[in-house]
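As structure tokens, the structure follows; a few thoughts come after it.
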Amino acid sequence: MSSKSKASIKGTWDSFQVSGVIGGTSNFTLNADFTATRQQIAVIVPCGEKLVLKRARFCFGDAKNRFIVAVLGGSTFQSASSCAEEQPNFVLFTNDGKEDRTVLLVFAVHNASTTASTVFQSDGWQTHFEIE
């Protein structure tokens, strides 16, 4: 049997979805202008491709809170409201390198106000991404 070199994943996962909910055993307080990471996953972005946030559905019970999707070392998307469906077509990361790159995709809640907010156990999100 011959050994094969590491093959690119290009074309394997052209789109994917990520869902999340705050969960836990109780609501919690988020200080003013503070961000709390709630979920993170690793994503491989093939060389020459972009990771694009196509759609975000989310609802936070406190109107002060905003939904954030970010790539560490890349771009950050912040929602315009606390509860909506947005279709930002937002490029989070472009891989201009010569090799596939693993990036950390982070989901967070941000208190956009000057006073404390409440993050509820039932607050959640559903997102759709494409590799282009």
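Following the order of the structure tokens, first chain is A, next is B, and so on, with residues numbered from 1 inside each chain and ligands from 1 in the order they appear.
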
I want to know what sits within 10 Å of A:Thr76, based on only C-alpha atoms, with residues of the same chain fewer than 3 positions away left out; could you give that as a short mmCIF file (atom, residue, chain, number, x, y, z; two decimals) with C-alpha atoms, in the first residue's frame?
data_model
loop_
_atom_site.label_atom_id
_atom_site.label_comp_id
_atom_site.auth_asym_id
_atom_site.auth_seq_id
_atom_site.Cartn_x
_atom_site.Cartn_y
_atom_site.Cartn_z
CA ILE A 68 -20.70 38.23 18.32
CA VAL A 69 -19.04 35.79 15.93
CA ALA A 70 -15.28 36.14 15.53
CA VAL A 71 -12.18 34.38 14.29
CA LEU A 72 -9.18 34.86 16.54
CA GLY A 73 -6.67 36.73 14.41
CA PHE A 90 -19.48 38.80 6.37
CA VAL A 91 -15.93 37.57 5.69
CA LEU A 92 -14.47 36.41 9.00
CA PHE A 93 -11.18 35.07 7.67
CA LEU A 105 -14.31 30.37 15.54
CA VAL A 106 -15.70 32.07 18.66
CA PHE A 107 -19.32 32.78 19.62
#

Residue list (strand (DSSP E), DSSP) for chain A, as JSON, numbers by chain: {"A": [15, 16, 17, 18, 19, 20, 21, 28, 29, 30, 35, 36, 37, 38, 39, 40, 41, 42, 43, 44, 45, 50, 51, 52, 53, 54, 55, 56, 57, 58, 59, 65, 66, 67, 68, 69, 70, 71, 76, 77, 78, 83, 84, 85, 86, 90, 91, 92, 93, 94, 101, 102, 103, 104, 105, 106, 107, 108, 109, 110, 111, 117, 118, 119, 124, 125, 126, 127, 128, 129, 130, 131]}

Shell around stretch 56-59 of chain A at 7 Å using only C-alpha atoms, local window under 5 positions removed, as a ChimeraX atom specification: /A:82-87,123-128

Any chance you could export the current selection's C-alpha atoms as a JSON list (two decimals), in the first residue's frame?
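Resulting contents of part.json:
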[["chain", "number", "residue", "atom", "x", "y", "z"],
["A", 82, "SER", "CA", -30.40, 41.55, 20.57],
["A", 83, "CYS", "CA", -32.93, 39.39, 18.70],
["A", 84, "ALA", "CA", -33.05, 39.04, 14.91],
["A", 85, "GLU", "CA", -32.14, 37.15, 11.78],
["A", 86, "GLU", "CA", -29.34, 38.80, 9.83],
["A", 87, "GLN", "CA", -27.74, 37.87, 6.51],
["A", 123, "ASP", "CA", -30.60, 32.76, 24.95],
["A", 124, "GLY", "CA", -29.26, 31.12, 21.80],
["A", 125, "TRP", "CA", -28.12, 31.26, 18.18],
["A", 126, "GLN", "CA", -28.04, 29.37, 14.92],
["A", 127, "THR", "CA", -25.50, 30.34, 12.26],
["A", 128, "HIS", "CA", -24.72, 29.33, 8.68]]

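Checking A:Thr114, A:Thr94, A:Arg101, A:Ala108 one by one against A:Leu51, counting only C-alpha atoms, you find the shortest gap at A:Thr94.
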
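When the distance limit is 12 Å and only C-alpha atoms are what count, the residues near A:Lys50, minus those fewer than 3 positions from it on the same chain, are Lys10, Asp14, Ser15, Val43, Ile44, Val45, Pro46, Cys47, Leu53, Lys54, Val71, Gly74, Ser75, Asn89, Phe90, Val91, Leu92, Phe93, Thr94, Asn95, Asp96, Gly97, Asp100, Arg101, Val103, Phe129, Glu130, Ile131 and Glu132 of chain A.
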
Dump as a PDB file, in the first residue's frame, selection limited to N, CA and C atoms:
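Just written: part24.pdb:
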ATOM      1  N   LYS A  10     -10.357  21.065   0.545  1.00  0.00           N
ATOM      2  CA  LYS A  10     -11.087  21.970  -0.336  1.00  0.00           C
ATOM      3  C   LYS A  10     -12.224  21.231  -1.029  1.00  0.00           C
ATOM      4  N   ASP A  14     -18.147  22.758   2.129  1.00  0.00           N
ATOM      5  CA  ASP A  14     -18.337  24.097   1.585  1.00  0.00           C
ATOM      6  C   ASP A  14     -19.291  24.947   2.412  1.00  0.00           C
ATOM      7  N   SER A  15     -20.157  24.301   3.197  1.00  0.00           N
ATOM      8  CA  SER A  15     -21.035  25.046   4.093  1.00  0.00           C
ATOM      9  C   SER A  15     -21.293  24.216   5.345  1.00  0.00           C
ATOM     10  N   VAL A  43     -12.038  25.396  12.905  1.00  0.00           N
ATOM     11  CA  VAL A  43     -12.490  25.282  11.519  1.00  0.00           C
ATOM     12  C   VAL A  43     -11.262  25.324  10.614  1.00  0.00           C
ATOM     13  N   ILE A  44     -11.201  24.416   9.656  1.00  0.00           N
ATOM     14  CA  ILE A  44     -10.119  24.439   8.670  1.00  0.00           C
ATOM     15  C   ILE A  44     -10.573  25.270   7.477  1.00  0.00           C
ATOM     16  N   VAL A  45      -9.786  26.298   7.149  1.00  0.00           N
ATOM     17  CA  VAL A  45     -10.043  27.125   5.970  1.00  0.00           C
ATOM     18  C   VAL A  45      -8.978  26.763   4.938  1.00  0.00           C
ATOM     19  N   PRO A  46      -9.386  26.168   3.815  1.00  0.00           N
ATOM     20  CA  PRO A  46      -8.413  25.774   2.792  1.00  0.00           C
ATOM     21  C   PRO A  46      -7.654  26.983   2.239  1.00  0.00           C
ATOM     22  N   CYS A  47      -6.437  26.739   1.761  1.00  0.00           N
ATOM     23  CA  CYS A  47      -5.646  27.829   1.188  1.00  0.00           C
ATOM     24  C   CYS A  47      -6.410  28.450   0.020  1.00  0.00           C
ATOM     25  N   LEU A  53     -19.595  34.293   7.135  1.00  0.00           N
ATOM     26  CA  LEU A  53     -20.834  34.165   7.894  1.00  0.00           C
ATOM     27  C   LEU A  53     -21.968  34.600   6.978  1.00  0.00           C
ATOM     28  N   LYS A  54     -22.810  33.663   6.578  1.00  0.00           N
ATOM     29  CA  LYS A  54     -23.903  33.949   5.651  1.00  0.00           C
ATOM     30  C   LYS A  54     -25.178  34.378   6.365  1.00  0.00           C
ATOM     31  N   VAL A  71     -13.303  35.299  14.482  1.00  0.00           N
ATOM     32  CA  VAL A  71     -12.183  34.380  14.288  1.00  0.00           C
ATOM     33  C   VAL A  71     -10.991  35.030  14.968  1.00  0.00           C
ATOM     34  N   GLY A  74      -8.648  37.155  13.069  1.00  0.00           N
ATOM     35  CA  GLY A  74      -9.401  37.514  11.862  1.00  0.00           C
ATOM     36  C   GLY A  74     -10.344  38.664  12.168  1.00  0.00           C
ATOM     37  N   SER A  75     -11.525  38.628  11.592  1.00  0.00           N
ATOM     38  CA  SER A  75     -12.508  39.695  11.759  1.00  0.00           C
ATOM     39  C   SER A  75     -13.573  39.317  12.780  1.00  0.00           C
ATOM     40  N   ASN A  89     -23.375  38.183   5.131  1.00  0.00           N
ATOM     41  CA  ASN A  89     -22.389  37.830   4.098  1.00  0.00           C
ATOM     42  C   ASN A  89     -21.025  38.413   4.493  1.00  0.00           C
ATOM     43  N   PHE A  90     -20.634  38.167   5.733  1.00  0.00           N
ATOM     44  CA  PHE A  90     -19.478  38.799   6.367  1.00  0.00           C
ATOM     45  C   PHE A  90     -18.265  37.873   6.333  1.00  0.00           C
ATOM     46  N   VAL A  91     -17.166  38.356   5.754  1.00  0.00           N
ATOM     47  CA  VAL A  91     -15.932  37.566   5.689  1.00  0.00           C
ATOM     48  C   VAL A  91     -15.227  37.644   7.045  1.00  0.00           C
ATOM     49  N   LEU A  92     -15.128  36.489   7.699  1.00  0.00           N
ATOM     50  CA  LEU A  92     -14.467  36.410   9.001  1.00  0.00           C
ATOM     51  C   LEU A  92     -12.973  36.149   8.879  1.00  0.00           C
ATOM     52  N   PHE A  93     -12.587  35.418   7.828  1.00  0.00           N
ATOM     53  CA  PHE A  93     -11.175  35.072   7.675  1.00  0.00           C
ATOM     54  C   PHE A  93     -10.879  34.749   6.220  1.00  0.00           C
ATOM     55  N   THR A  94      -9.759  35.253   5.711  1.00  0.00           N
ATOM     56  CA  THR A  94      -9.272  34.928   4.373  1.00  0.00           C
ATOM     57  C   THR A  94      -7.928  34.232   4.518  1.00  0.00           C
ATOM     58  N   ASN A  95      -7.829  33.048   3.935  1.00  0.00           N
ATOM     59  CA  ASN A  95      -6.572  32.298   3.996  1.00  0.00           C
ATOM     60  C   ASN A  95      -5.777  32.569   2.725  1.00  0.00           C
ATOM     61  N   ASP A  96      -4.841  33.501   2.817  1.00  0.00           N
ATOM     62  CA  ASP A  96      -3.983  33.852   1.684  1.00  0.00           C
ATOM     63  C   ASP A  96      -2.709  33.017   1.658  1.00  0.00           C
ATOM     64  N   GLY A  97      -2.594  32.080   2.590  1.00  0.00           N
ATOM     65  CA  GLY A  97      -1.388  31.258   2.682  1.00  0.00           C
ATOM     66  C   GLY A  97      -1.347  30.154   1.639  1.00  0.00           C
ATOM     67  N   ASP A 100      -3.640  24.846   4.042  1.00  0.00           N
ATOM     68  CA  ASP A 100      -4.880  24.937   4.789  1.00  0.00           C
ATOM     69  C   ASP A 100      -4.561  25.464   6.181  1.00  0.00           C
ATOM     70  N   ARG A 101      -5.499  26.207   6.766  1.00  0.00           N
ATOM     71  CA  ARG A 101      -5.250  26.819   8.075  1.00  0.00           C
ATOM     72  C   ARG A 101      -6.404  26.520   9.023  1.00  0.00           C
ATOM     73  N   VAL A 103      -8.477  27.681  12.139  1.00  0.00           N
ATOM     74  CA  VAL A 103      -8.746  28.907  12.890  1.00  0.00           C
ATOM     75  C   VAL A 103      -9.751  28.601  13.992  1.00  0.00           C
ATOM     76  N   PHE A 129     -22.482  29.124   7.759  1.00  0.00           N
ATOM     77  CA  PHE A 129     -21.206  29.577   7.205  1.00  0.00           C
ATOM     78  C   PHE A 129     -20.958  28.913   5.859  1.00  0.00           C
ATOM     79  N   GLU A 130     -20.173  29.581   5.027  1.00  0.00           N
ATOM     80  CA  GLU A 130     -19.710  28.981   3.780  1.00  0.00           C
ATOM     81  C   GLU A 130     -18.221  29.231   3.627  1.00  0.00           C
ATOM     82  N   ILE A 131     -17.558  28.259   3.011  1.00  0.00           N
ATOM     83  CA  ILE A 131     -16.167  28.406   2.611  1.00  0.00           C
ATOM     84  C   ILE A 131     -16.211  28.759   1.131  1.00  0.00           C
ATOM     85  N   GLU A 132     -15.703  29.920   0.782  1.00  0.00           N
ATOM     86  CA  GLU A 132     -15.778  30.391  -0.617  1.00  0.00           C
ATOM     87  C   GLU A 132     -14.394  30.610  -1.189  1.00  0.00           C
TER      88      GLU A 132
END

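Reported to one decimal place, the separation of atom CA of A:Arg66 from atom CA of A:Phe16 is 22.3 Å.
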
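Of the residues listed (A:Ser81, A:Arg38, A:Val52, A:Thr115), A:Arg38 shows the shortest atom-to-atom separation from A:Gly23; distances use only C-alpha atoms.
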
So that I can see what lies close to A:Phe34, please list as a compact mmCIF listing (two decimals) with N, CA and C atoms, in the first residue's frame the residues with an atom at most 8 Å from it, counting only C-alpha atoms and leaving out residues fewer than 6 positions away in the same chain.
# COMPACT_ATOMS: atom_id res chain seq x y z
N HIS A 110 -22.17 40.09 23.98
CA HIS A 110 -21.54 41.35 24.37
C HIS A 110 -22.60 42.29 24.93
N ASN A 111 -22.34 42.85 26.09
CA ASN A 111 -23.22 43.86 26.66
C ASN A 111 -22.79 45.20 26.08
N ALA A 112 -23.63 45.76 25.21
CA ALA A 112 -23.30 46.99 24.49
C ALA A 112 -23.69 48.25 25.25
